[in-house]
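Enquirer: Sharing model_32.csv below, CSV, N, CA and C atoms:
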```
chain,number,residue,atom,x,y,z
R,3,MET,N,0.8,-1.2,0.0
R,3,MET,CA,0.0,0.0,0.0
R,3,MET,C,0.9,1.2,0.0
R,4,THR,N,0.6,2.2,-0.8
R,4,THR,CA,1.4,3.4,-0.9
R,4,THR,C,0.8,4.5,0.0
R,5,ASN,N,1.6,5.4,0.4
R,5,ASN,CA,1.2,6.5,1.2
R,5,ASN,C,0.7,7.7,0.3
R,6,PRO,N,-0.5,8.1,0.3
R,6,PRO,CA,-1.0,9.1,-0.6
R,6,PRO,C,-0.3,10.5,-0.3
R,7,GLN,N,0.3,10.7,0.9
R,7,GLN,CA,0.9,11.9,1.2
R,7,GLN,C,2.4,12.0,0.7
R,8,ALA,N,3.0,10.8,0.4
R,8,ALA,CA,4.4,10.8,0.0
R,8,ALA,C,4.5,11.3,-1.4
R,9,PRO,N,5.4,12.2,-1.7
R,9,PRO,CA,5.6,12.7,-3.0
R,9,PRO,C,6.2,11.6,-3.9
R,10,ALA,N,5.9,11.7,-5.2
R,10,ALA,CA,6.5,10.7,-6.2
R,10,ALA,C,8.0,10.9,-6.2
R,11,ALA,N,8.7,9.8,-6.5
R,11,ALA,CA,10.1,9.9,-6.7
R,11,ALA,C,10.4,10.7,-7.9
R,12,PRO,N,11.3,11.7,-7.8
R,12,PRO,CA,11.6,12.6,-9.0
R,12,PRO,C,11.9,11.8,-10.3
R,13,ALA,N,12.6,10.7,-10.2
R,13,ALA,CA,13.0,10.0,-11.4
R,13,ALA,C,11.8,9.4,-12.2
R,14,THR,N,10.7,9.1,-11.4
R,14,THR,CA,9.5,8.5,-12.1
R,14,THR,C,8.4,9.5,-12.2
R,15,ASP,N,8.5,10.7,-11.8
R,15,ASP,CA,7.5,11.7,-11.8
R,15,ASP,C,7.6,12.5,-13.1
R,16,PRO,N,6.7,12.3,-14.1
R,16,PRO,CA,6.8,13.1,-15.4
R,16,PRO,C,6.5,14.6,-15.2
R,17,THR,N,5.9,15.0,-14.1
R,17,THR,CA,5.6,16.4,-13.8
R,17,THR,C,6.7,17.1,-13.0
R,18,PHE,N,7.8,16.4,-12.7
R,18,PHE,CA,8.8,16.9,-11.8
R,18,PHE,C,9.4,18.2,-12.5
R,19,THR,N,9.4,19.3,-11.7
R,19,THR,CA,10.0,20.5,-12.1
R,19,THR,C,11.0,20.9,-11.0
R,20,PRO,N,12.3,21.1,-11.4
R,20,PRO,CA,13.2,21.4,-10.3
R,20,PRO,C,13.1,22.9,-9.9
R,21,PRO,N,13.5,23.2,-8.6
R,21,PRO,CA,13.4,24.6,-8.2
R,21,PRO,C,14.4,25.4,-9.0
R,22,SER,N,14.2,26.7,-8.9
R,22,SER,CA,15.0,27.7,-9.7
R,22,SER,C,16.4,27.6,-9.2
R,23,LEU,N,17.3,28.0,-10.1
R,23,LEU,CA,18.7,28.1,-9.8
R,23,LEU,C,19.0,29.2,-8.7
R,24,GLY,N,18.1,30.2,-8.7
R,24,GLY,CA,18.2,31.3,-7.8
R,24,GLY,C,18.0,30.8,-6.3
R,25,ARG,N,17.1,29.9,-6.1
R,25,ARG,CA,16.8,29.4,-4.8
R,25,ARG,C,18.0,28.5,-4.4
R,26,ARG,N,18.5,27.7,-5.3
R,26,ARG,CA,19.6,26.8,-5.0
R,26,ARG,C,20.9,27.7,-4.7
R,27,PHE,N,21.1,28.7,-5.4
R,27,PHE,CA,22.3,29.6,-5.2
R,27,PHE,C,22.1,30.3,-3.9
R,28,GLY,N,20.9,30.8,-3.6
R,28,GLY,CA,20.6,31.4,-2.3
R,28,GLY,C,20.9,30.5,-1.2
R,29,ALA,N,20.5,29.3,-1.2
R,29,ALA,CA,20.8,28.3,-0.2
R,29,ALA,C,22.3,28.1,0.0
R,30,LEU,N,23.0,28.1,-1.1
R,30,LEU,CA,24.5,27.9,-1.0
R,30,LEU,C,25.1,29.1,-0.4
R,31,ILE,N,24.7,30.3,-0.7
R,31,ILE,CA,25.2,31.5,-0.1
R,31,ILE,C,25.0,31.6,1.4
R,32,ILE,N,23.8,31.2,1.8
R,32,ILE,CA,23.5,31.2,3.2
R,32,ILE,C,24.3,30.2,3.9
R,33,ASP,N,24.5,29.0,3.4
R,33,ASP,CA,25.3,27.9,4.0
R,33,ASP,C,26.8,28.4,4.0
R,34,TRP,N,27.2,29.0,3.0
R,34,TRP,CA,28.6,29.5,2.9
R,34,TRP,C,28.9,30.5,4.0
R,35,VAL,N,28.0,31.4,4.2
R,35,VAL,CA,28.2,32.4,5.3
R,35,VAL,C,28.2,31.7,6.7
R,36,LEU,N,27.3,30.7,6.9
R,36,LEU,CA,27.4,30.0,8.1
R,36,LEU,C,28.7,29.3,8.3
R,37,CYS,N,29.2,28.7,7.2
R,37,CYS,CA,30.5,28.0,7.2
R,37,CYS,C,31.6,29.0,7.6
R,38,LEU,N,31.6,30.1,7.1
R,38,LEU,CA,32.6,31.1,7.4
R,38,LEU,C,32.6,31.5,8.9
R,39,LEU,N,31.4,31.7,9.4
R,39,LEU,CA,31.2,32.0,10.8
R,39,LEU,C,31.7,30.9,11.7
R,40,VAL,N,31.4,29.6,11.4
R,40,VAL,CA,31.8,28.5,12.2
R,40,VAL,C,33.3,28.3,12.1
R,41,ALA,N,33.8,28.4,10.9
R,41,ALA,CA,35.3,28.3,10.7
R,41,ALA,C,36.1,29.3,11.4
R,42,ASN,N,35.5,30.5,11.6
R,42,ASN,CA,36.1,31.6,12.3
R,42,ASN,C,36.4,31.2,13.8
R,43,ILE,N,35.7,30.2,14.3
R,43,ILE,CA,35.9,29.7,15.7
R,43,ILE,C,37.3,29.1,15.9
R,44,PHE,N,37.7,28.3,14.9
R,44,PHE,CA,38.9,27.6,15.0
R,44,PHE,C,40.0,27.9,14.0
R,45,ALA,N,39.8,28.8,13.1
R,45,ALA,CA,40.8,29.2,12.1
R,45,ALA,C,40.4,30.6,11.6
R,46,ASP,N,41.3,31.1,10.8
R,46,ASP,CA,41.1,32.4,10.1
R,46,ASP,C,40.7,32.0,8.7
R,47,PRO,N,39.4,32.2,8.4
R,47,PRO,CA,38.9,31.7,7.0
R,47,PRO,C,39.6,32.5,5.9
R,48,VAL,N,40.1,33.7,6.1
R,48,VAL,CA,40.8,34.4,5.0
R,48,VAL,C,42.1,33.8,4.8
R,49,ARG,N,42.9,33.5,5.8
R,49,ARG,CA,44.2,32.9,5.7
R,49,ARG,C,44.2,31.4,5.5
R,50,ASP,N,43.3,30.7,6.2
R,50,ASP,CA,43.1,29.3,6.1
R,50,ASP,C,41.9,28.9,5.3
R,51,GLY,N,42.0,29.0,4.0
R,51,GLY,CA,40.9,28.8,3.1
R,51,GLY,C,40.3,27.4,3.2
R,52,TRP,N,41.0,26.4,3.7
R,52,TRP,CA,40.5,25.1,3.8
R,52,TRP,C,39.5,25.0,4.9
R,53,ALA,N,39.5,25.8,5.9
R,53,ALA,CA,38.6,25.7,7.1
R,53,ALA,C,37.1,25.8,6.7
R,54,PRO,N,36.7,26.9,6.0
R,54,PRO,CA,35.2,26.9,5.6
R,54,PRO,C,34.8,25.8,4.7
R,55,VAL,N,35.8,25.4,3.8
R,55,VAL,CA,35.5,24.3,2.9
R,55,VAL,C,35.2,23.0,3.7
R,56,LEU,N,36.1,22.7,4.7
R,56,LEU,CA,35.9,21.6,5.5
R,56,LEU,C,34.5,21.6,6.2
R,57,VAL,N,34.2,22.8,6.8
R,57,VAL,CA,32.9,23.0,7.5
R,57,VAL,C,31.8,22.7,6.5
R,58,LEU,N,31.9,23.2,5.3
R,58,LEU,CA,30.8,23.0,4.3
R,58,LEU,C,30.6,21.5,4.0
R,59,ILE,N,31.7,20.8,3.8
R,59,ILE,CA,31.6,19.4,3.5
R,59,ILE,C,30.9,18.6,4.7
R,60,LEU,N,31.3,19.0,5.9
R,60,LEU,CA,30.7,18.3,7.1
R,60,LEU,C,29.3,18.8,7.3
R,61,LEU,N,29.0,20.1,7.0
R,61,LEU,CA,27.6,20.6,7.1
R,61,LEU,C,26.7,19.8,6.2
R,62,TYR,N,27.2,19.6,4.9
R,62,TYR,CA,26.3,18.9,4.0
R,62,TYR,C,26.1,17.4,4.4
R,63,GLY,N,27.2,16.8,4.8
R,63,GLY,CA,27.1,15.4,5.2
R,63,GLY,C,26.1,15.2,6.4
R,64,PHE,N,26.2,16.1,7.4
R,64,PHE,CA,25.3,16.0,8.6
R,64,PHE,C,23.9,16.3,8.2
R,65,PHE,N,23.7,17.5,7.7
R,65,PHE,CA,22.3,18.0,7.5
R,65,PHE,C,21.6,17.3,6.3
R,66,LEU,N,22.3,17.0,5.2
R,66,LEU,CA,21.6,16.3,4.2
R,66,LEU,C,21.4,14.8,4.6
R,67,GLY,N,22.3,14.3,5.3
R,67,GLY,CA,22.2,12.9,5.7
R,67,GLY,C,21.0,12.7,6.6
R,68,LEU,N,20.8,13.6,7.6
R,68,LEU,CA,19.8,13.4,8.6
R,68,LEU,C,18.5,14.1,8.3
R,69,PHE,N,18.6,15.3,7.7
R,69,PHE,CA,17.4,16.1,7.5
R,69,PHE,C,17.0,16.4,6.1
R,70,ALA,N,17.8,16.0,5.1
R,70,ALA,CA,17.6,16.3,3.7
R,70,ALA,C,17.6,17.8,3.3
R,71,GLN,N,18.0,18.6,4.3
R,71,GLN,CA,18.2,20.1,4.1
R,71,GLN,C,19.3,20.6,4.9
R,72,THR,N,20.0,21.5,4.3
R,72,THR,CA,21.0,22.3,5.0
R,72,THR,C,20.2,23.5,5.6
R,73,PRO,N,20.8,24.3,6.5
R,73,PRO,CA,20.1,25.5,7.0
R,73,PRO,C,19.7,26.4,5.8
R,74,GLY,N,20.6,26.6,4.8
R,74,GLY,CA,20.2,27.5,3.7
R,74,GLY,C,19.1,26.9,2.9
R,75,MET,N,19.1,25.6,2.7
R,75,MET,CA,18.0,24.9,2.0
R,75,MET,C,16.6,25.1,2.7
R,76,TYR,N,16.7,25.0,4.0
R,76,TYR,CA,15.5,25.2,4.8
R,76,TYR,C,14.9,26.6,4.6
R,77,ILE,N,15.8,27.6,4.6
R,77,ILE,CA,15.3,29.0,4.4
R,77,ILE,C,14.8,29.2,3.0
R,78,THR,N,15.4,28.6,2.0
R,78,THR,CA,15.0,28.8,0.6
R,78,THR,C,13.9,27.8,0.2
R,79,LYS,N,13.5,26.9,1.1
R,79,LYS,CA,12.5,25.9,0.9
R,79,LYS,C,12.8,24.9,-0.3
R,80,VAL,N,14.0,24.4,-0.2
R,80,VAL,CA,14.3,23.3,-1.1
R,80,VAL,C,14.9,22.1,-0.3
R,81,ARG,N,14.9,21.0,-0.8
R,81,ARG,CA,15.5,19.8,-0.2
R,81,ARG,C,16.4,19.0,-1.1
R,82,CYS,N,17.2,18.2,-0.6
R,82,CYS,CA,18.1,17.3,-1.4
R,82,CYS,C,17.7,15.9,-1.1
R,83,VAL,N,17.1,15.2,-2.1
R,83,VAL,CA,16.6,13.8,-1.8
R,83,VAL,C,17.2,12.8,-2.9
R,84,ASN,N,16.9,11.6,-2.6
R,84,ASN,CA,17.3,10.5,-3.5
R,84,ASN,C,16.6,10.6,-4.8
R,85,TRP,N,17.3,10.5,-5.9
R,85,TRP,CA,16.6,10.7,-7.2
R,85,TRP,C,15.6,9.6,-7.5
R,86,HIS,N,15.9,8.4,-7.0
R,86,HIS,CA,15.0,7.2,-7.4
R,86,HIS,C,13.8,7.0,-6.4
R,87,ASP,N,14.0,7.3,-5.1
R,87,ASP,CA,12.9,7.1,-4.2
R,87,ASP,C,12.4,8.3,-3.4
R,88,GLY,N,13.0,9.4,-3.6
R,88,GLY,CA,12.6,10.7,-2.9
R,88,GLY,C,12.9,10.7,-1.4
R,89,GLY,N,13.7,9.7,-0.9
R,89,GLY,CA,14.1,9.7,0.5
R,89,GLY,C,15.4,10.4,0.7
R,90,ARG,N,15.8,10.4,2.0
R,90,ARG,CA,17.1,11.0,2.3
R,90,ARG,C,18.3,10.3,1.7
R,91,ILE,N,19.3,11.0,1.4
R,91,ILE,CA,20.5,10.4,0.8
R,91,ILE,C,21.5,9.8,1.7
R,92,GLY,N,21.4,10.1,3.0
R,92,GLY,CA,22.2,9.5,4.0
R,92,GLY,C,23.5,10.2,4.2
R,93,LEU,N,24.2,9.9,5.3
R,93,LEU,CA,25.4,10.6,5.7
R,93,LEU,C,26.6,10.5,4.7
R,94,LEU,N,26.9,9.3,4.3
R,94,LEU,CA,28.0,9.1,3.4
R,94,LEU,C,27.8,9.8,2.0
R,95,ARG,N,26.6,9.7,1.5
R,95,ARG,CA,26.3,10.4,0.2
R,95,ARG,C,26.3,11.9,0.4
R,96,GLY,N,25.8,12.3,1.6
R,96,GLY,CA,25.8,13.8,1.9
R,96,GLY,C,27.2,14.3,1.9
R,97,LEU,N,28.1,13.5,2.6
R,97,LEU,CA,29.5,14.0,2.6
R,97,LEU,C,30.1,14.0,1.2
R,98,GLY,N,29.8,13.0,0.4
R,98,GLY,CA,30.3,12.9,-0.9
R,98,GLY,C,29.8,14.1,-1.8
R,99,ARG,N,28.5,14.4,-1.6
R,99,ARG,CA,27.9,15.5,-2.4
R,99,ARG,C,28.6,16.8,-1.9
R,100,GLY,N,28.9,17.0,-0.6
R,100,GLY,CA,29.6,18.2,-0.2
R,100,GLY,C,31.0,18.3,-0.7
R,101,LEU,N,31.7,17.1,-0.7
R,101,LEU,CA,33.0,17.1,-1.3
R,101,LEU,C,33.0,17.5,-2.7
R,102,LEU,N,32.1,16.9,-3.5
R,102,LEU,CA,32.1,17.2,-4.9
R,102,LEU,C,31.6,18.7,-5.2
R,103,LEU,N,30.7,19.2,-4.3
R,103,LEU,CA,30.3,20.6,-4.5
R,103,LEU,C,31.5,21.5,-4.2
R,104,ALA,N,32.3,21.1,-3.2
R,104,ALA,CA,33.5,21.9,-2.9
R,104,ALA,C,34.5,22.1,-4.1
R,105,LEU,N,34.4,21.1,-5.0
R,105,LEU,CA,35.3,21.1,-6.2
R,105,LEU,C,34.7,22.1,-7.2
R,106,VAL,N,33.5,22.6,-7.0
R,106,VAL,CA,32.8,23.6,-7.8
R,106,VAL,C,32.5,23.2,-9.2
R,107,VAL,N,33.4,22.7,-10.0
R,107,VAL,CA,33.1,22.4,-11.4
R,107,VAL,C,32.0,21.4,-11.6
R,108,PRO,N,31.8,20.3,-10.8
R,108,PRO,CA,30.7,19.4,-11.0
R,108,PRO,C,29.3,20.1,-10.9
R,109,ALA,N,29.2,21.1,-10.1
R,109,ALA,CA,28.0,21.8,-9.9
R,109,ALA,C,27.6,22.6,-11.2
R,110,LEU,N,28.5,22.9,-12.0
R,110,LEU,CA,28.2,23.7,-13.2
R,110,LEU,C,27.8,22.8,-14.4
R,111,ILE,N,28.0,21.5,-14.3
R,111,ILE,CA,27.6,20.6,-15.4
R,111,ILE,C,26.2,20.0,-15.1
R,112,MET,N,25.2,20.6,-15.6
R,112,MET,CA,23.8,20.2,-15.3
R,112,MET,C,23.1,19.5,-16.4
R,113,ASP,N,22.1,18.7,-16.0
R,113,ASP,CA,21.3,18.0,-17.0
R,113,ASP,C,19.9,18.8,-17.1
R,114,GLU,N,18.9,18.2,-17.7
R,114,GLU,CA,17.6,18.9,-17.9
R,114,GLU,C,16.8,19.0,-16.6
R,115,HIS,N,17.2,18.3,-15.6
R,115,HIS,CA,16.5,18.3,-14.3
R,115,HIS,C,17.3,19.2,-13.3
R,116,ARG,N,18.3,20.0,-13.8
R,116,ARG,CA,19.2,20.8,-13.0
R,116,ARG,C,20.0,20.0,-12.0
R,117,ARG,N,20.3,18.8,-12.4
R,117,ARG,CA,21.1,17.9,-11.5
R,117,ARG,C,22.5,18.1,-11.9
R,118,GLY,N,23.3,18.7,-11.1
R,118,GLY,CA,24.8,18.9,-11.3
R,118,GLY,C,25.5,17.5,-11.3
R,119,LEU,N,26.7,17.5,-11.7
R,119,LEU,CA,27.5,16.3,-11.7
R,119,LEU,C,27.5,15.7,-10.3
R,120,HIS,N,27.6,16.6,-9.3
R,120,HIS,CA,27.7,16.2,-7.9
R,120,HIS,C,26.4,15.5,-7.5
R,121,ASP,N,25.2,15.9,-8.1
R,121,ASP,CA,24.0,15.3,-7.8
R,121,ASP,C,23.9,13.9,-8.5
R,122,ARG,N,24.3,13.9,-9.7
R,122,ARG,CA,24.2,12.6,-10.4
R,122,ARG,C,25.1,11.5,-9.8
R,123,LEU,N,26.3,11.9,-9.4
R,123,LEU,CA,27.3,11.0,-8.8
R,123,LEU,C,26.8,10.5,-7.5
R,124,THR,N,26.0,11.2,-6.8
R,124,THR,CA,25.5,10.8,-5.4
R,124,THR,C,24.0,10.4,-5.5
R,125,ASP,N,23.5,10.3,-6.7
R,125,ASP,CA,22.1,9.9,-6.9
R,125,ASP,C,21.1,10.8,-6.2
R,126,ALA,N,21.3,12.1,-6.3
R,126,ALA,CA,20.5,13.0,-5.5
R,126,ALA,C,19.9,14.0,-6.5
R,127,VAL,N,18.9,14.8,-6.0
R,127,VAL,CA,18.3,15.8,-6.8
R,127,VAL,C,17.7,16.9,-5.8
R,128,ILE,N,17.7,18.1,-6.2
R,128,ILE,CA,17.1,19.2,-5.4
R,128,ILE,C,15.7,19.3,-5.8
R,129,VAL,N,14.8,19.3,-4.8
R,129,VAL,CA,13.3,19.4,-5.0
R,129,VAL,C,12.8,20.5,-4.2
R,130,ASP,N,11.6,21.0,-4.5
R,130,ASP,CA,10.9,21.9,-3.6
R,130,ASP,C,10.6,21.2,-2.3
R,131,ALA,N,10.7,21.9,-1.2
R,131,ALA,CA,10.4,21.4,0.1
R,131,ALA,C,8.9,21.4,0.3
R,132,PRO,N,8.3,20.4,0.9
R,132,PRO,CA,6.9,20.4,1.2
R,132,PRO,C,6.5,21.6,2.1
R,133,ARG,N,5.4,22.1,1.8
R,133,ARG,CA,4.8,23.2,2.6
R,133,ARG,C,4.3,22.6,3.9
R,134,ARG,N,4.5,23.3,5.0
R,134,ARG,CA,3.9,22.8,6.3
R,134,ARG,C,3.0,23.8,6.8
```
Render the structure in this file as structure tokens.

Expert:
Amino acid sequence: MTNPQAPAAPATDPTFTPPSLGRRFGALIIDWVLCLLVANIFADPVRDGWAPVLVLILLYGFFLGLFAQTPGMYITKVRCVNWHDGGRIGLLRGLGRGLLLALVVPALIMDEHRRGLHDRLTDAVIVDAPRR
């Protein structure tokens, strides 16, 4: 028996429309500012450029793995879910997605569903967050 409240998996939903790039970029900017603030606790983000990048990777792993949203995604009302079943991607794939995003280039190579290379390699997709 299927749950009528559960959204369709993006891969099998012919009506799937990805959120705008503006919302995705807005979420990334919010997350990056948070990473700079956190990195400032243990390093100088200007001198030690690795610190905010490390925080970003860990932030993505933790928040995407457990909640399917980073703080920036929560504010911009988007989520990162499994492409095939619409569920959470888990901690390891969240870390992998964060690592690939930190490389920047994979995010610029998108398909028709606005899935960057980092999304395709981790079997993830950005979707609208359900309204509550």

Enquirer: From a DSSP calculation on the backbone, collect every residue of chain R in strand (DSSP E) and output the set as a tab-separated table (two decimals) with N, CA and C atoms, keeping the file's coordinate frame.

Expert:
```tsv
chain	number	residue	atom	x	y	z
R	80	VAL	N	14.00	24.40	-0.20
R	80	VAL	CA	14.30	23.30	-1.10
R	80	VAL	C	14.90	22.10	-0.30
R	81	ARG	N	14.90	21.00	-0.80
R	81	ARG	CA	15.50	19.80	-0.20
R	81	ARG	C	16.40	19.00	-1.10
R	82	CYS	N	17.20	18.20	-0.60
R	82	CYS	CA	18.10	17.30	-1.40
R	82	CYS	C	17.70	15.90	-1.10
R	83	VAL	N	17.10	15.20	-2.10
R	83	VAL	CA	16.60	13.80	-1.80
R	83	VAL	C	17.20	12.80	-2.90
R	84	ASN	N	16.90	11.60	-2.60
R	84	ASN	CA	17.30	10.50	-3.50
R	84	ASN	C	16.60	10.60	-4.80
R	126	ALA	N	21.30	12.10	-6.30
R	126	ALA	CA	20.50	13.00	-5.50
R	126	ALA	C	19.90	14.00	-6.50
R	127	VAL	N	18.90	14.80	-6.00
R	127	VAL	CA	18.30	15.80	-6.80
R	127	VAL	C	17.70	16.90	-5.80
R	128	ILE	N	17.70	18.10	-6.20
R	128	ILE	CA	17.10	19.20	-5.40
R	128	ILE	C	15.70	19.30	-5.80
R	129	VAL	N	14.80	19.30	-4.80
R	129	VAL	CA	13.30	19.40	-5.00
R	129	VAL	C	12.80	20.50	-4.20
R	130	ASP	N	11.60	21.00	-4.50
R	130	ASP	CA	10.90	21.90	-3.60
R	130	ASP	C	10.60	21.20	-2.30
```

Enquirer: Counting only C-alpha atoms, which residues come within 12 Å of (18.9, 17.5, 0.0), with the point read in the file's coordinates, and could you list them as a count of residues only?

Expert: 49

Enquirer: Report, in Å with one decimal, the straight-line distance from atom N of Leu23 of chain R to atom CA of Leu56 of chain R.

Expert: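 According to the coordinates, atom N of Leu23 of chain R and atom CA of Leu56 of chain R are separated by 25.1 Å.
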
Enquirer: Would you please extract all alpha helix (DSSP H) residues from segment 10-86 of chain R, as assigned by DSSP on the backbone, and give them as a PyMOL selection string?

Expert: chain R and resi 23-44+52-69+73-78

Enquirer: Return the single residue from R:Ala104, R:Ala13, R:Leu94, R:Ile32 that is closest to Leu58 of chain R, with distances computed using only C-alpha atoms.

Expert: R:Ala104

Enquirer: What does the distance between atom CA of Pro54 of chain R and atom C of Arg25 of chain R come to in Å, to one decimal place?

Expert: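 Between atom CA of Pro54 of chain R and atom C of Arg25 of chain R the gap works out to 20.0 Å.
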
Enquirer: In Å, how far is it from atom CA of Ala11 of chain R to atom CA of Asp87 of chain R?

Expert: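 Calculated distance between atom CA of Ala11 of chain R and atom CA of Asp87 of chain R is 4.7 Å.
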
Enquirer: Which residue gives the smallest distance to His115 of chain R among R:Leu103, R:Phe18, R:Phe27, R:Val55, with only C-alpha atoms counted?

Expert: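 Nearest to His115 of chain R: R:Phe18.
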
Enquirer: Of the residues R:Leu101, R:Pro20, R:Thr14, R:Met112, which is the one nearest to Leu60 of chain R, using all atoms listed in the file?

Expert: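 Once distances to Leu60 of chain R are computed over all atoms listed in the file, the minimum belongs to R:Leu101.
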
Enquirer: What would segment 37-108 of chain R look like if you wrote it out as an mmCIF file, in the first residue's frame, with C-alpha atoms included, from the block I just posted?

Expert:
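Resulting contents of result-v1.cif:
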```cif
data_model
loop_
_atom_site.group_PDB
_atom_site.id
_atom_site.type_symbol
_atom_site.label_atom_id
_atom_site.label_comp_id
_atom_site.auth_asym_id
_atom_site.auth_seq_id
_atom_site.Cartn_x
_atom_site.Cartn_y
_atom_site.Cartn_z
ATOM 1 C CA CYS R 37 30.502 27.994 7.248
ATOM 2 C CA LEU R 38 32.624 31.143 7.392
ATOM 3 C CA LEU R 39 31.199 31.992 10.821
ATOM 4 C CA VAL R 40 31.800 28.480 12.178
ATOM 5 C CA ALA R 41 35.286 28.255 10.657
ATOM 6 C CA ASN R 42 36.146 31.557 12.325
ATOM 7 C CA ILE R 43 35.897 29.740 15.682
ATOM 8 C CA PHE R 44 38.941 27.550 15.013
ATOM 9 C CA ALA R 45 40.777 29.198 12.100
ATOM 10 C CA ASP R 46 41.092 32.403 10.125
ATOM 11 C CA PRO R 47 38.896 31.745 7.047
ATOM 12 C CA VAL R 48 40.754 34.395 5.041
ATOM 13 C CA ARG R 49 44.197 32.925 5.716
ATOM 14 C CA ASP R 50 43.134 29.282 6.100
ATOM 15 C CA GLY R 51 40.875 28.767 3.078
ATOM 16 C CA TRP R 52 40.532 25.051 3.844
ATOM 17 C CA ALA R 53 38.592 25.711 7.076
ATOM 18 C CA PRO R 54 35.246 26.918 5.644
ATOM 19 C CA VAL R 55 35.460 24.296 2.890
ATOM 20 C CA LEU R 56 35.882 21.555 5.495
ATOM 21 C CA VAL R 57 32.937 22.961 7.461
ATOM 22 C CA LEU R 58 30.837 23.011 4.263
ATOM 23 C CA ILE R 59 31.585 19.350 3.536
ATOM 24 C CA LEU R 60 30.727 18.348 7.112
ATOM 25 C CA LEU R 61 27.613 20.552 7.137
ATOM 26 C CA TYR R 62 26.349 18.893 3.959
ATOM 27 C CA GLY R 63 27.084 15.412 5.242
ATOM 28 C CA PHE R 64 25.333 15.965 8.557
ATOM 29 C CA PHE R 65 22.323 18.009 7.469
ATOM 30 C CA LEU R 66 21.611 16.284 4.150
ATOM 31 C CA GLY R 67 22.156 12.872 5.676
ATOM 32 C CA LEU R 68 19.816 13.409 8.611
ATOM 33 C CA PHE R 69 17.360 16.104 7.509
ATOM 34 C CA ALA R 70 17.591 16.298 3.683
ATOM 35 C CA GLN R 71 18.162 20.056 4.052
ATOM 36 C CA THR R 72 20.987 22.336 5.047
ATOM 37 C CA PRO R 73 20.052 25.515 6.953
ATOM 38 C CA GLY R 74 20.235 27.460 3.678
ATOM 39 C CA MET R 75 17.971 24.941 1.963
ATOM 40 C CA TYR R 76 15.491 25.225 4.827
ATOM 41 C CA ILE R 77 15.330 29.006 4.415
ATOM 42 C CA THR R 78 14.970 28.830 0.614
ATOM 43 C CA LYS R 79 12.467 25.935 0.871
ATOM 44 C CA VAL R 80 14.327 23.280 -1.105
ATOM 45 C CA ARG R 81 15.480 19.769 -0.167
ATOM 46 C CA CYS R 82 18.076 17.311 -1.415
ATOM 47 C CA VAL R 83 16.605 13.835 -1.846
ATOM 48 C CA ASN R 84 17.341 10.492 -3.477
ATOM 49 C CA TRP R 85 16.646 10.660 -7.222
ATOM 50 C CA HIS R 86 15.007 7.228 -7.362
ATOM 51 C CA ASP R 87 12.863 7.079 -4.214
ATOM 52 C CA GLY R 88 12.585 10.652 -2.887
ATOM 53 C CA GLY R 89 14.062 9.672 0.502
ATOM 54 C CA ARG R 90 17.083 11.003 2.336
ATOM 55 C CA ILE R 91 20.481 10.415 0.771
ATOM 56 C CA GLY R 92 22.236 9.452 4.015
ATOM 57 C CA LEU R 93 25.412 10.625 5.715
ATOM 58 C CA LEU R 94 28.002 9.135 3.352
ATOM 59 C CA ARG R 95 26.339 10.393 0.183
ATOM 60 C CA GLY R 96 25.768 13.753 1.889
ATOM 61 C CA LEU R 97 29.504 13.959 2.608
ATOM 62 C CA GLY R 98 30.288 12.900 -0.949
ATOM 63 C CA ARG R 99 27.936 15.510 -2.353
ATOM 64 C CA GLY R 100 29.555 18.169 -0.153
ATOM 65 C CA LEU R 101 33.031 17.119 -1.267
ATOM 66 C CA LEU R 102 32.050 17.221 -4.932
ATOM 67 C CA LEU R 103 30.317 20.571 -4.461
ATOM 68 C CA ALA R 104 33.508 21.937 -2.888
ATOM 69 C CA LEU R 105 35.269 21.147 -6.181
ATOM 70 C CA VAL R 106 32.828 23.649 -7.841
ATOM 71 C CA VAL R 107 33.121 22.360 -11.418
ATOM 72 C CA PRO R 108 30.706 19.398 -11.009
#
```
